[in-house]
file data.tsv (TSV, C-alpha atoms)
chain	number	residue	atom	x	y	z
F	1	MET	CA	-66.87	70.19	10.71
F	2	LYS	CA	-63.87	72.44	10.75
F	3	GLN	CA	-62.31	70.37	13.54
F	4	PHE	CA	-62.87	67.23	11.46
F	5	ASP	CA	-61.03	68.81	8.48
F	6	VAL	CA	-58.07	69.70	10.69
F	7	LEU	CA	-57.96	66.13	11.97
F	8	LEU	CA	-57.88	64.78	8.44
F	9	GLN	CA	-55.01	67.10	7.60
F	10	ASP	CA	-53.07	65.87	10.64
F	11	VAL	CA	-53.64	62.25	9.67
F	12	GLY	CA	-52.43	62.99	6.16
F	13	ARG	CA	-49.26	64.63	7.43
F	14	MET	CA	-48.62	61.61	9.70
F	15	ALA	CA	-49.09	59.14	6.86
F	16	ARG	CA	-46.65	61.08	4.69
F	17	PHE	CA	-44.16	61.09	7.58
F	18	VAL	CA	-44.47	57.29	8.09
F	19	ALA	CA	-43.98	56.67	4.39
F	20	PHE	CA	-40.93	58.95	4.33
F	21	ALA	CA	-39.49	57.21	7.39
F	22	ALA	CA	-40.06	53.79	5.84
F	23	LEU	CA	-38.25	54.80	2.68
F	24	THR	CA	-35.44	56.37	4.66
F	25	PHE	CA	-34.82	53.30	6.82
F	26	ALA	CA	-35.13	50.95	3.84
F	27	ALA	CA	-32.38	52.84	2.05
F	28	LEU	CA	-30.18	53.04	5.14
F	29	PRO	CA	-28.37	49.68	4.70
F	30	LEU	CA	-27.49	50.59	1.11
F	31	GLN	CA	-26.28	53.97	2.25
F	32	LEU	CA	-24.23	52.42	5.05
F	33	ALA	CA	-22.76	49.91	2.60
F	34	CYS	CA	-21.82	52.72	0.27
F	35	ASN	CA	-20.30	54.64	3.11
F	36	ALA	CA	-18.36	51.55	4.44
F	37	PRO	CA	-14.61	51.97	4.18
F	38	GLN	CA	-13.32	50.45	0.96
F	39	PRO	CA	-9.86	48.81	0.68
F	40	THR	CA	-7.28	51.21	-0.57
F	41	ARG	CA	-5.15	50.54	-3.61
F	42	LYS	CA	-2.25	49.87	-1.27
F	43	GLU	CA	-4.25	47.28	0.68
F	44	GLU	CA	-5.34	45.58	-2.54
F	45	ILE	CA	-1.74	45.35	-3.70
F	46	ARG	CA	-0.68	43.96	-0.32
F	47	SER	CA	-3.44	41.32	-0.39
F	48	ALA	CA	-2.46	40.20	-3.89
F	49	TRP	CA	1.19	40.04	-2.86
F	50	ASP	CA	0.35	37.95	0.23
F	51	GLU	CA	-1.62	35.55	-1.98
F	52	GLN	CA	1.36	35.16	-4.32
F	53	ARG	CA	3.70	34.65	-1.38
F	54	GLY	CA	1.36	31.99	0.03
F	55	THR	CA	1.30	30.14	-3.28
F	56	MET	CA	5.09	30.29	-3.51
F	57	LYS	CA	5.52	29.02	0.06
F	58	VAL	CA	3.15	26.10	-0.55
F	59	GLU	CA	5.10	25.12	-3.67
F	60	LEU	CA	8.43	25.40	-1.86
F	61	ALA	CA	7.12	23.45	1.14
F	62	SER	CA	5.91	20.68	-1.17
F	63	ALA	CA	9.32	20.49	-2.82
F	64	GLU	CA	11.07	20.35	0.56
F	65	LEU	CA	8.73	17.58	1.71
F	66	ARG	CA	9.39	15.54	-1.45
F	67	SER	CA	13.11	15.92	-0.79
F	68	GLY	CA	12.72	14.71	2.78
F	69	ARG	CA	13.58	18.06	4.37
F	70	THR	CA	10.61	18.00	6.70
F	71	ASP	CA	11.73	20.76	9.10
F	72	ALA	CA	12.10	23.24	6.25
F	73	ALA	CA	8.79	22.06	4.79
F	74	LEU	CA	6.99	22.63	8.10
F	75	LYS	CA	8.41	26.15	8.46
F	76	LEU	CA	7.21	27.10	4.98
F	77	ALA	CA	3.80	25.46	5.44
F	78	ASN	CA	3.28	27.32	8.73
F	79	GLU	CA	4.18	30.58	7.04
F	80	ALA	CA	1.70	29.87	4.22
F	81	VAL	CA	-1.08	29.20	6.74
F	82	ALA	CA	-0.19	32.38	8.66
F	83	LEU	CA	-0.59	34.40	5.46
F	84	ASP	CA	-4.05	32.92	4.87
F	85	PRO	CA	-5.49	30.70	7.64
F	86	GLN	CA	-8.33	29.62	5.32
F	87	ARG	CA	-6.08	28.48	2.47
F	88	LEU	CA	-7.07	24.83	1.99
F	89	GLU	CA	-3.94	23.53	0.28
F	90	ALA	CA	-1.69	25.18	2.88
F	91	ARG	CA	-3.59	23.60	5.77
F	92	GLU	CA	-3.54	20.19	4.07
F	93	LEU	CA	0.19	20.46	3.47
F	94	GLN	CA	0.79	21.55	7.05
F	95	ALA	CA	-0.94	18.39	8.33
F	96	GLN	CA	0.87	16.24	5.76
F	97	VAL	CA	4.23	17.47	7.04
F	98	HIS	CA	3.24	16.67	10.63
F	99	ILE	CA	2.38	13.12	9.50
F	100	ALA	CA	5.81	12.83	7.87
F	101	LEU	CA	7.39	14.03	11.12
F	102	GLY	CA	5.45	11.42	13.09
F	103	ASP	CA	3.47	14.06	14.98
F	104	LEU	CA	0.18	12.28	14.39
F	105	ARG	CA	-1.66	13.99	17.23
F	106	THR	CA	-1.12	17.48	15.81
F	107	ALA	CA	-1.86	16.28	12.29
F	108	GLU	CA	-5.12	14.68	13.40
F	109	GLN	CA	-6.24	17.85	15.19
F	110	GLN	CA	-5.51	19.93	12.10
F	111	LEU	CA	-7.24	17.53	9.72
F	112	VAL	CA	-10.35	17.09	11.88
F	113	ALA	CA	-10.67	20.88	12.06
F	114	LEU	CA	-10.15	21.10	8.31
F	115	VAL	CA	-12.83	18.56	7.33
F	116	THR	CA	-15.19	20.17	9.86
F	117	ASP	CA	-14.70	23.54	8.17
F	118	THR	CA	-14.63	22.08	4.65
F	119	PRO	CA	-16.45	18.72	4.50
F	120	ASP	CA	-15.75	18.32	0.77
F	121	ALA	CA	-11.96	18.57	1.15
F	122	ALA	CA	-11.12	15.21	-0.46
F	123	LYS	CA	-7.38	15.36	0.11
F	124	ALA	CA	-7.89	16.15	3.80
F	125	TRP	CA	-10.06	13.04	4.16
F	126	PHE	CA	-7.39	11.05	2.31
F	127	LEU	CA	-4.65	12.32	4.64
F	128	LEU	CA	-6.83	11.52	7.63
F	129	GLY	CA	-7.12	7.99	6.21
F	130	THR	CA	-3.35	7.60	5.95
F	131	LEU	CA	-3.03	8.82	9.54
F	132	HIS	CA	-5.61	6.38	10.89
F	133	GLU	CA	-4.05	3.59	8.83
F	134	ARG	CA	-0.69	4.25	10.48
F	135	GLN	CA	-2.47	3.99	13.82
F	136	ARG	CA	-4.00	0.69	12.64
F	137	GLU	CA	-7.46	2.17	13.05
F	138	TRP	CA	-8.72	0.26	10.04
F	139	ASP	CA	-12.42	1.11	10.28
F	140	LEU	CA	-11.74	4.84	10.65
F	141	ALA	CA	-9.19	4.78	7.82
F	142	SER	CA	-11.60	2.91	5.54
F	143	ASP	CA	-14.35	5.48	6.23
F	144	ASP	CA	-11.93	8.34	5.54
F	145	TYR	CA	-10.79	6.87	2.24
F	146	GLU	CA	-14.37	6.14	1.24
F	147	ARG	CA	-15.29	9.81	1.87
F	148	ALA	CA	-12.34	10.98	-0.24
F	149	ALA	CA	-13.26	8.61	-3.09
F	150	ALA	CA	-16.90	9.73	-2.97
F	151	ILE	CA	-15.94	13.42	-3.18
F	152	GLU	CA	-13.51	12.86	-6.06
F	153	PRO	CA	-14.66	9.63	-7.77
F	154	ASP	CA	-12.24	10.11	-10.65
F	155	LYS	CA	-9.20	10.08	-8.35
F	156	LEU	CA	-7.76	6.56	-8.55
F	157	ASP	CA	-5.34	7.12	-5.66
F	158	TYR	CA	-8.24	7.55	-3.24
F	159	LEU	CA	-10.09	4.48	-4.48
F	160	ALA	CA	-6.95	2.32	-4.45
F	161	ALA	CA	-6.10	3.45	-0.92
F	162	TRP	CA	-9.59	2.51	0.24
F	163	ALA	CA	-9.34	-0.96	-1.33
F	164	GLN	CA	-5.84	-1.56	0.02
F	165	CYS	CA	-7.00	-0.49	3.49
F	166	GLN	CA	-9.75	-3.10	3.36
F	167	ALA	CA	-7.12	-5.70	2.47
F	168	SER	CA	-4.83	-4.56	5.30
F	169	ALA	CA	-7.77	-4.96	7.68
F	170	GLY	CA	-7.94	-8.62	6.68
F	171	ASP	CA	-10.54	-8.57	3.91
F	172	ALA	CA	-8.63	-8.57	0.62
F	173	ALA	CA	-11.68	-9.96	-1.19
F	174	LYS	CA	-13.66	-6.87	-0.20
F	175	GLY	CA	-10.83	-4.70	-1.49
F	176	VAL	CA	-10.97	-6.54	-4.81
F	177	GLN	CA	-14.72	-5.90	-5.02
F	178	THR	CA	-14.19	-2.20	-4.30
F	179	LEU	CA	-11.86	-1.91	-7.29
F	180	GLU	CA	-13.85	-4.19	-9.57
F	181	ARG	CA	-16.94	-1.98	-9.13
F	182	GLU	CA	-14.99	0.88	-10.72
F	183	GLN	CA	-13.26	-1.20	-13.39
F	184	GLN	CA	-15.06	0.52	-16.27
F	185	ARG	CA	-14.07	3.98	-15.01
F	186	PHE	CA	-10.37	3.20	-14.64
F	187	PHE	CA	-9.81	0.33	-17.08
F	188	SER	CA	-7.50	2.37	-19.31
F	189	GLU	CA	-5.17	3.33	-16.42
F	190	PRO	CA	-2.14	1.06	-15.82
F	191	ALA	CA	-2.13	1.98	-12.13
F	192	PHE	CA	-5.60	0.44	-11.75
F	193	HIS	CA	-4.41	-2.92	-13.06
F	194	ALA	CA	-1.33	-2.78	-10.83
F	195	ALA	CA	-3.48	-2.02	-7.78
F	196	ILE	CA	-5.94	-4.83	-8.42
F	197	ALA	CA	-3.09	-7.24	-9.22
F	198	SER	CA	-1.69	-6.65	-5.76
F	199	LEU	CA	-5.07	-7.45	-4.20
F	200	TYR	CA	-5.55	-10.54	-6.35
F	201	GLN	CA	-2.16	-11.68	-5.06
F	202	SER	CA	-3.33	-11.09	-1.47
F	203	THR	CA	-6.34	-13.35	-2.05
F	204	GLY	CA	-4.13	-16.06	-3.54
F	205	ASP	CA	-5.57	-15.63	-7.03
F	206	LEU	CA	-2.19	-15.72	-8.77
F	207	PRO	CA	-3.50	-16.25	-12.34
F	208	ARG	CA	-5.56	-13.03	-12.17
F	209	ALA	CA	-2.70	-11.20	-10.50
F	210	ILE	CA	-0.37	-12.23	-13.33
F	211	LYS	CA	-2.94	-11.19	-15.94
F	212	SER	CA	-3.42	-7.78	-14.32
F	213	TYR	CA	0.30	-7.08	-13.99
F	214	ARG	CA	0.75	-8.00	-17.65
F	215	ALA	CA	-2.09	-5.63	-18.60
F	216	ALA	CA	-0.44	-2.79	-16.67
F	217	LEU	CA	2.91	-3.42	-18.34
F	218	LYS	CA	1.30	-3.68	-21.77
F	219	MET	CA	-0.26	-0.25	-21.21
F	220	GLY	CA	3.17	1.24	-20.69
F	221	ALA	CA	3.70	1.01	-16.94
F	222	ASP	CA	7.23	-0.25	-17.43
F	223	GLU	CA	8.25	-0.03	-13.81
F	224	ARG	CA	10.96	-2.34	-12.56
F	225	ALA	CA	9.10	-3.05	-9.33
F	226	MET	CA	6.07	-4.23	-11.29
F	227	ASN	CA	8.23	-6.42	-13.52
F	228	GLU	CA	9.82	-7.93	-10.43
F	229	LYS	CA	6.43	-8.75	-8.91
F	230	LEU	CA	5.34	-10.40	-12.14
F	231	GLY	CA	8.50	-12.49	-12.22
F	232	LEU	CA	7.99	-13.66	-8.64
F	233	LEU	CA	4.38	-14.59	-9.35
F	234	LEU	CA	5.38	-16.59	-12.42
F	235	SER	CA	7.82	-18.56	-10.27
F	236	TRP	CA	5.39	-19.08	-7.39
F	237	SER	CA	2.56	-20.18	-9.68
F	238	GLY	CA	4.60	-23.00	-11.22
F	239	LYS	CA	5.50	-21.39	-14.54
F	240	PRO	CA	9.29	-21.97	-14.55
F	241	ASP	CA	9.80	-21.39	-18.28
F	242	GLU	CA	8.18	-17.96	-18.16
F	243	ALA	CA	9.83	-17.16	-14.84
F	244	ILE	CA	13.29	-17.98	-16.20
F	245	GLU	CA	12.76	-15.79	-19.25
F	246	HIS	CA	11.26	-12.87	-17.32
F	247	LEU	CA	13.56	-12.91	-14.29
F	248	GLY	CA	16.65	-13.67	-16.35
F	249	SER	CA	16.33	-10.43	-18.29
F	250	LEU	CA	15.68	-8.46	-15.09
F	251	LEU	CA	18.67	-9.90	-13.29
F	252	ALA	CA	20.91	-9.39	-16.31
F	253	ASP	CA	20.12	-5.66	-16.21
F	254	ALA	CA	20.51	-5.37	-12.43
F	255	GLU	CA	23.11	-2.93	-11.15
F	256	GLY	CA	24.79	-3.55	-7.81
F	257	PRO	CA	23.73	-6.29	-5.36
F	258	VAL	CA	21.13	-8.73	-6.64
F	259	ASP	CA	17.79	-8.80	-4.82
F	260	GLU	CA	17.62	-12.07	-2.87
F	261	SER	CA	13.92	-12.71	-3.48
F	262	LEU	CA	14.41	-12.42	-7.25
F	263	ALA	CA	17.51	-14.59	-7.14
F	264	THR	CA	15.81	-17.34	-5.16
F	265	ALA	CA	12.80	-17.31	-7.51
F	266	TYR	CA	15.07	-17.48	-10.57
F	267	VAL	CA	17.26	-20.26	-9.18
F	268	GLY	CA	14.17	-22.14	-7.99
F	269	ALA	CA	12.78	-21.99	-11.53
F	270	LEU	CA	16.07	-23.33	-12.94
F	271	ILE	CA	15.98	-26.23	-10.47
F	272	ALA	CA	12.32	-26.91	-11.32
F	273	LYS	CA	13.32	-27.14	-14.99
F	274	ASN	CA	16.03	-29.66	-14.06
F	275	GLN	CA	18.87	-27.23	-14.75
F	276	PRO	CA	20.81	-27.65	-11.48
F	277	ARG	CA	24.23	-26.93	-12.96
F	278	GLU	CA	23.03	-23.62	-14.39
F	279	ALA	CA	21.51	-22.87	-10.99
F	280	LEU	CA	24.79	-23.63	-9.20
F	281	GLN	CA	26.73	-21.54	-11.67
F	282	TRP	CA	24.40	-18.64	-11.07
F	283	LEU	CA	24.39	-19.04	-7.28
F	284	ARG	CA	28.16	-18.91	-7.14
F	285	ARG	CA	28.44	-15.58	-8.89
F	286	PRO	CA	30.39	-13.09	-6.74
F	287	ALA	CA	27.50	-10.62	-6.69
F	288	LEU	CA	25.17	-13.27	-5.29
F	289	LYS	CA	27.26	-15.58	-3.14
F	290	ARG	CA	26.16	-15.13	0.47
F	291	SER	CA	27.18	-17.32	3.37
F	292	ASP	CA	24.87	-15.53	5.81
F	293	SER	CA	21.61	-16.30	4.00
F	294	ALA	CA	19.89	-19.53	5.05
F	295	ALA	CA	17.52	-19.31	2.06
F	296	MET	CA	20.41	-19.11	-0.42
F	297	LEU	CA	22.21	-22.01	1.28
F	298	VAL	CA	19.09	-24.17	1.04
F	299	LEU	CA	18.73	-23.29	-2.65
F	300	GLU	CA	22.32	-24.25	-3.33
F	301	ALA	CA	21.74	-27.48	-1.40
F	302	GLN	CA	18.73	-28.23	-3.61
F	303	ALA	CA	20.83	-27.71	-6.73
F	304	LEU	CA	23.58	-29.96	-5.35
F	305	ALA	CA	21.02	-32.63	-4.47
F	306	ALA	CA	19.75	-32.51	-8.06
F	307	THR	CA	23.31	-33.35	-9.18
F	308	GLU	CA	23.31	-36.19	-6.56
F	309	ASP	CA	26.03	-34.59	-4.45
F	310	PHE	CA	24.09	-35.41	-1.28
F	311	LYS	CA	26.90	-35.01	1.23
F	312	ALA	CA	27.78	-31.51	0.03
F	313	ALA	CA	24.08	-30.66	0.06
F	314	LEU	CA	23.76	-31.91	3.66
F	315	ASP	CA	26.68	-29.74	4.70
F	316	LEU	CA	24.84	-26.69	3.38
F	317	THR	CA	21.54	-27.61	5.06
F	318	GLY	CA	23.42	-27.97	8.34
F	319	ARG	CA	24.78	-24.47	7.96
F	320	ALA	CA	21.31	-23.20	7.10
F	321	GLN	CA	19.85	-24.82	10.22
F	322	LYS	CA	22.38	-23.03	12.39
F	323	LEU	CA	21.60	-19.69	10.76
F	324	ALA	CA	17.81	-20.16	10.82
F	325	PRO	CA	16.74	-23.02	13.11
F	326	GLN	CA	13.06	-22.10	12.64
F	327	MET	CA	13.24	-22.39	8.84
F	328	ALA	CA	11.22	-25.50	7.96
F	329	ASP	CA	12.54	-25.75	4.37
F	330	GLY	CA	16.08	-26.50	5.55
F	331	TRP	CA	14.94	-29.32	7.86
F	332	LEU	CA	12.69	-30.79	5.17
F	333	LEU	CA	15.47	-30.89	2.59
F	334	ALA	CA	17.83	-32.43	5.15
F	335	ALA	CA	15.25	-35.14	5.88
F	336	GLY	CA	15.11	-36.12	2.22
F	337	LEU	CA	18.89	-36.08	1.90
F	338	HIS	CA	19.40	-38.31	4.95
F	339	ALA	CA	16.82	-40.71	3.52
F	340	ARG	CA	18.70	-40.89	0.22
F	341	LEU	CA	21.83	-41.77	2.21
F	342	ASP	CA	19.86	-44.45	4.14
F	343	GLN	CA	20.31	-42.61	7.43
F	344	LYS	CA	16.97	-43.54	9.00
F	345	ALA	CA	17.29	-41.92	12.44
F	346	GLU	CA	18.57	-38.62	11.06
F	347	ALA	CA	15.93	-38.60	8.30
F	348	LEU	CA	13.06	-39.16	10.74
F	349	GLU	CA	14.46	-36.62	13.20
F	350	CYS	CA	14.66	-33.92	10.54
F	351	ALA	CA	11.21	-34.77	9.14
F	352	GLU	CA	9.61	-34.63	12.60
F	353	GLN	CA	11.32	-31.32	13.33
F	354	THR	CA	9.86	-29.98	10.07
F	355	LEU	CA	6.38	-31.01	11.17
F	356	ARG	CA	6.85	-29.33	14.55
F	357	LEU	CA	7.70	-26.11	12.73
F	358	ALA	CA	5.04	-26.46	10.02
F	359	PRO	CA	2.32	-28.87	11.21
F	360	ASP	CA	-0.06	-27.92	8.39
F	361	ASN	CA	2.47	-28.27	5.57
F	362	ARG	CA	1.11	-31.01	3.33
F	363	ASP	CA	4.40	-31.40	1.43
F	364	ALA	CA	6.19	-32.03	4.73
F	365	TRP	CA	3.69	-34.77	5.61
F	366	ARG	CA	4.06	-36.29	2.14
F	367	ILE	CA	7.85	-36.55	2.49
F	368	TYR	CA	7.45	-37.89	6.03
F	369	VAL	CA	5.17	-40.64	4.68
F	370	GLN	CA	7.71	-41.49	1.97
F	371	ILE	CA	10.52	-41.73	4.51
F	372	LEU	CA	8.47	-43.98	6.79
F	373	GLU	CA	7.57	-46.24	3.85
F	374	ARG	CA	11.19	-46.32	2.68
F	375	PHE	CA	12.29	-47.68	6.04
F	376	GLY	CA	9.38	-50.14	6.44
F	377	GLU	CA	7.41	-48.20	9.06
F	378	THR	CA	4.10	-49.24	7.50
F	379	GLU	CA	1.69	-48.50	10.35
F	380	SER	CA	3.27	-45.13	11.12
F	381	ALA	CA	3.16	-44.31	7.42
F	382	ARG	CA	-0.59	-45.14	7.32
F	383	ILE	CA	-1.33	-42.83	10.26
F	384	ALA	CA	0.78	-40.05	8.75
F	385	ARG	CA	-0.99	-40.44	5.40
F	386	GLU	CA	-4.37	-40.05	7.07
F	387	ARG	CA	-3.17	-36.82	8.63
F	388	MET	CA	-1.85	-35.64	5.26
F	389	ASP	CA	-5.14	-36.45	3.54
F	390	SER	CA	-7.08	-34.54	6.19
F	391	LEU	CA	-5.12	-31.41	5.27
F	392	SER	CA	-6.13	-31.58	1.63
F	393	SER	CA	-9.84	-32.14	2.28

call {"tool": "encode", "arguments": {"input": "data.tsv", "output": "structure tokens"}}
result
Amino acid sequence: MKQFDVLLQDVGRMARFVAFAALTFAALPLQLACNAPQPTRKEEIRSAWDEQRGTMKVELASAELRSGRTDAALKLANEAVALDPQRLEARELQAQVHIALGDLRTAEQQLVALVTDTPDAAKAWFLLGTLHERQREWDLASDDYERAAAIEPDKLDYLAAWAQCQASAGDAAKGVQTLEREQQRFFSEPAFHAAIASLYQSTGDLPRAIKSYRAALKMGADERAMNEKLGLLLSWSGKPDEAIEHLGSLLADAEGPVDESLATAYVGALIAKNQPREALQWLRRPALKRSDSAAMLVLEAQALAATEDFKAALDLTGRAQKLAPQMADGWLLAAGLHARLDQKAEALECAEQTLRLAPDNRDAWRIYVQILERFGETESARIARERMDSLSS
């Protein structure tokens, strides 16, 4: 009995020892954490200073990049990353500078590593999209932009880039749908209307493109480039009155050399409104007169033809043909001019050359038919008309 009591006492002591050990080891991590070396005041100050320096270097690198000083921007971006290798904006900027420098391989490596570490880095996905777009990797670029837009759905730049990428890949209609799905979200932003106008233009929907550009301008996006696009669309869509008014004010305010595309659209609108003398007067302005532009020579020839100065017009089309022998418009105008001067062989030669250059141009076939009929080539005119009608069906 006495031995049994001693045994119980031993068991009790062992239980108390196990409990004490359990408590001791349970408290050990806390004790170790408390005893871990804490950063000194000096180290805290140094860390804060490094963070400020990193922020400053990122800002300076961004400014250098905007100014086109890419070497200086890269140096500063590298220094910012060295101060804090995990700093997201510094790593994004570093890759962005490499893209600007054309070092796409390094930029891609950096961005892939970045989105692997931080999958929700929207700007990194966006930059990866711009990189793949430059490499004409349309599917990859579209996926990248889609990821960026999904992470930051309120960022119009990401959505617009995705839609434009789809258009660049050959599916402008899909790009339009991408933007139209988010129309309610971005309807009050002028940039949205400008972006969708560009895509409408790509699909050939000029009325909607015009409407969207006008909406953007009405909202205050008074950018000259947007005004110029609207003016061109008004001319191309057969609205000469509006084109003359819109482009006239733009060209009157132009400083320096006049943009040729705007000038040709404006003069074309004047000719369409049967104002050839005003067109000639405008074409012969010193700031616009160009003897090395086939398009301008053809326009001047059109204006001269409208005043019935056919020989002078033919001289200009001849010069245009020498400058740009593959330009169908010059040959087509020359064909009509030769016909007006009853020069059958020359008219047919120029018309047939036009059709060789632009076999699917319905207007060219129409003028060819008229020339054949003018000179009594009835059967040839019938065959040509059938071909013309097949193009419109």

call {"tool": "atom_distance", "arguments": {"input": "data.tsv", "atom1": "CA of Asp389 (chain F)", "atom2": "CA of Leu234 (chain F)"}}
result
27.6 Å

call {"tool": "residues_around", "arguments": {"input": "data.tsv", "residues": "Pro359 (chain F)", "least_positions_apart": "3", "cutoff": "12 Å", "atoms": "only C-alpha atoms", "output": "list in words"}}
result
Ala328, Ala351, Glu352, Gln353, Thr354, Leu355, Arg356, Arg362, Asp363, Ala364, Trp365, Arg366, Tyr368, Ala384, Arg387, Met388 and Leu391 of chain F

call {"tool": "write_last_selection", "arguments": {"input": "data.tsv", "atoms": "C-alpha atoms", "output": "PDB file, keeping the file's coordinate frame"}}
result
ATOM      1  CA  ALA F 328      11.220 -25.500   7.960  1.00  0.00           C
ATOM      2  CA  ALA F 351      11.210 -34.770   9.140  1.00  0.00           C
ATOM      3  CA  GLU F 352       9.610 -34.630  12.600  1.00  0.00           C
ATOM      4  CA  GLN F 353      11.320 -31.320  13.330  1.00  0.00           C
ATOM      5  CA  THR F 354       9.860 -29.980  10.070  1.00  0.00           C
ATOM      6  CA  LEU F 355       6.380 -31.010  11.170  1.00  0.00           C
ATOM      7  CA  ARG F 356       6.850 -29.330  14.550  1.00  0.00           C
ATOM      8  CA  ARG F 362       1.110 -31.010   3.330  1.00  0.00           C
ATOM      9  CA  ASP F 363       4.400 -31.400   1.430  1.00  0.00           C
ATOM     10  CA  ALA F 364       6.190 -32.030   4.730  1.00  0.00           C
ATOM     11  CA  TRP F 365       3.690 -34.770   5.610  1.00  0.00           C
ATOM     12  CA  ARG F 366       4.060 -36.290   2.140  1.00  0.00           C
ATOM     13  CA  TYR F 368       7.450 -37.890   6.030  1.00  0.00           C
ATOM     14  CA  ALA F 384       0.780 -40.050   8.750  1.00  0.00           C
ATOM     15  CA  ARG F 387      -3.170 -36.820   8.630  1.00  0.00           C
ATOM     16  CA  MET F 388      -1.850 -35.640   5.260  1.00  0.00           C
ATOM     17  CA  LEU F 391      -5.120 -31.410   5.270  1.00  0.00           C
TER      18      LEU F 391
END

call {"tool": "residues_around", "arguments": {"input": "data.tsv", "residues": "Asp103 (chain F)", "least_positions_apart": "6", "cutoff": "12 Å", "atoms": "only C-alpha atoms", "output": "list in words"}}
result
Thr70, Leu74, Gln94, Ala95, Gln96, Val97, Gln109, Gln110, Leu131, Arg134 and Gln135 of chain F

call {"tool": "residues_around", "arguments": {"input": "data.tsv", "residues": "Lys155 (chain F)", "least_positions_apart": "5", "cutoff": "10 Å", "atoms": "only C-alpha atoms", "output": "list in words"}}
result
Ala122, Ala148, Ala149, Ala150, Ala160 and Phe186 of chain F

call {"tool": "residues_around", "arguments": {"input": "data.tsv", "residues": "Ile244 (chain F)", "least_positions_apart": "3", "cutoff": "12 Å", "atoms": "all atoms listed in the file", "output": "PDB file with C-alpha atoms, keeping the file's coordinate frame"}}
result
ATOM      1  CA  LEU F 230       5.340 -10.400 -12.140  1.00  0.00           C
ATOM      2  CA  GLY F 231       8.500 -12.490 -12.220  1.00  0.00           C
ATOM      3  CA  LEU F 232       7.990 -13.660  -8.640  1.00  0.00           C
ATOM      4  CA  LEU F 233       4.380 -14.590  -9.350  1.00  0.00           C
ATOM      5  CA  LEU F 234       5.380 -16.590 -12.420  1.00  0.00           C
ATOM      6  CA  SER F 235       7.820 -18.560 -10.270  1.00  0.00           C
ATOM      7  CA  TRP F 236       5.390 -19.080  -7.390  1.00  0.00           C
ATOM      8  CA  GLY F 238       4.600 -23.000 -11.220  1.00  0.00           C
ATOM      9  CA  LYS F 239       5.500 -21.390 -14.540  1.00  0.00           C
ATOM     10  CA  PRO F 240       9.290 -21.970 -14.550  1.00  0.00           C
ATOM     11  CA  ASP F 241       9.800 -21.390 -18.280  1.00  0.00           C
ATOM     12  CA  LEU F 247      13.560 -12.910 -14.290  1.00  0.00           C
ATOM     13  CA  GLY F 248      16.650 -13.670 -16.350  1.00  0.00           C
ATOM     14  CA  SER F 249      16.330 -10.430 -18.290  1.00  0.00           C
ATOM     15  CA  LEU F 250      15.680  -8.460 -15.090  1.00  0.00           C
ATOM     16  CA  LEU F 251      18.670  -9.900 -13.290  1.00  0.00           C
ATOM     17  CA  ALA F 252      20.910  -9.390 -16.310  1.00  0.00           C
ATOM     18  CA  LEU F 262      14.410 -12.420  -7.250  1.00  0.00           C
ATOM     19  CA  ALA F 263      17.510 -14.590  -7.140  1.00  0.00           C
ATOM     20  CA  THR F 264      15.810 -17.340  -5.160  1.00  0.00           C
ATOM     21  CA  ALA F 265      12.800 -17.310  -7.510  1.00  0.00           C
ATOM     22  CA  TYR F 266      15.070 -17.480 -10.570  1.00  0.00           C
ATOM     23  CA  VAL F 267      17.260 -20.260  -9.180  1.00  0.00           C
ATOM     24  CA  GLY F 268      14.170 -22.140  -7.990  1.00  0.00           C
ATOM     25  CA  ALA F 269      12.780 -21.990 -11.530  1.00  0.00           C
ATOM     26  CA  LEU F 270      16.070 -23.330 -12.940  1.00  0.00           C
ATOM     27  CA  ILE F 271      15.980 -26.230 -10.470  1.00  0.00           C
ATOM     28  CA  ALA F 272      12.320 -26.910 -11.320  1.00  0.00           C
ATOM     29  CA  LYS F 273      13.320 -27.140 -14.990  1.00  0.00           C
ATOM     30  CA  GLN F 275      18.870 -27.230 -14.750  1.00  0.00           C
ATOM     31  CA  GLU F 278      23.030 -23.620 -14.390  1.00  0.00           C
ATOM     32  CA  ALA F 279      21.510 -22.870 -10.990  1.00  0.00           C
TER      33      ALA F 279
END

call {"tool": "closest_residue", "arguments": {"input": "data.tsv", "among": "F:Asp71, F:Asp360, F:Asp315, F:Glu373", "to": "Ser390 (chain F)", "atoms": "only C-alpha atoms"}}
result
F:Asp360

call {"tool": "residues_around", "arguments": {"input": "data.tsv", "residues": "region 85-90 of chain F", "least_positions_apart": "3", "cutoff": "12 Å", "atoms": "only C-alpha atoms", "output": "PyMOL selection string"}}
result
chain F and resi 50-51+53-62+73-82+93-97+110-111+113-115+117-124

call {"tool": "residues_near_point", "arguments": {"input": "data.tsv", "point": "(25.5, -29.1, 6.8)", "cutoff": "12 Å", "atoms": "only C-alpha atoms", "output": "MDAnalysis selection string"}}
result
chainID F and resid 294 297:298 300:301 310:323 330:331 333:335 337:338

call {"tool": "atom_distance", "arguments": {"input": "data.tsv", "atom1": "CA of His193 (chain F)", "atom2": "CA of Ser212 (chain F)"}}
result
5.1 Å

call {"tool": "atom_distance", "arguments": {"input": "data.tsv", "atom1": "CA of Gln201 (chain F)", "atom2": "CA of Glu223 (chain F)"}}
result
17.9 Å

call {"tool": "closest_residue", "arguments": {"input": "data.tsv", "among": "F:Val112, F:Thr40, F:Ala167, F:Leu304", "to": "Asp144 (chain F)", "atoms": "only C-alpha atoms"}}
result
F:Val112

call {"tool": "closest_residue", "arguments": {"input": "data.tsv", "among": "F:Ala100, F:Ala191, F:Ile151, F:Ala339", "to": "Trp125 (chain F)", "atoms": "all atoms listed in the file"}}
result
F:Ile151
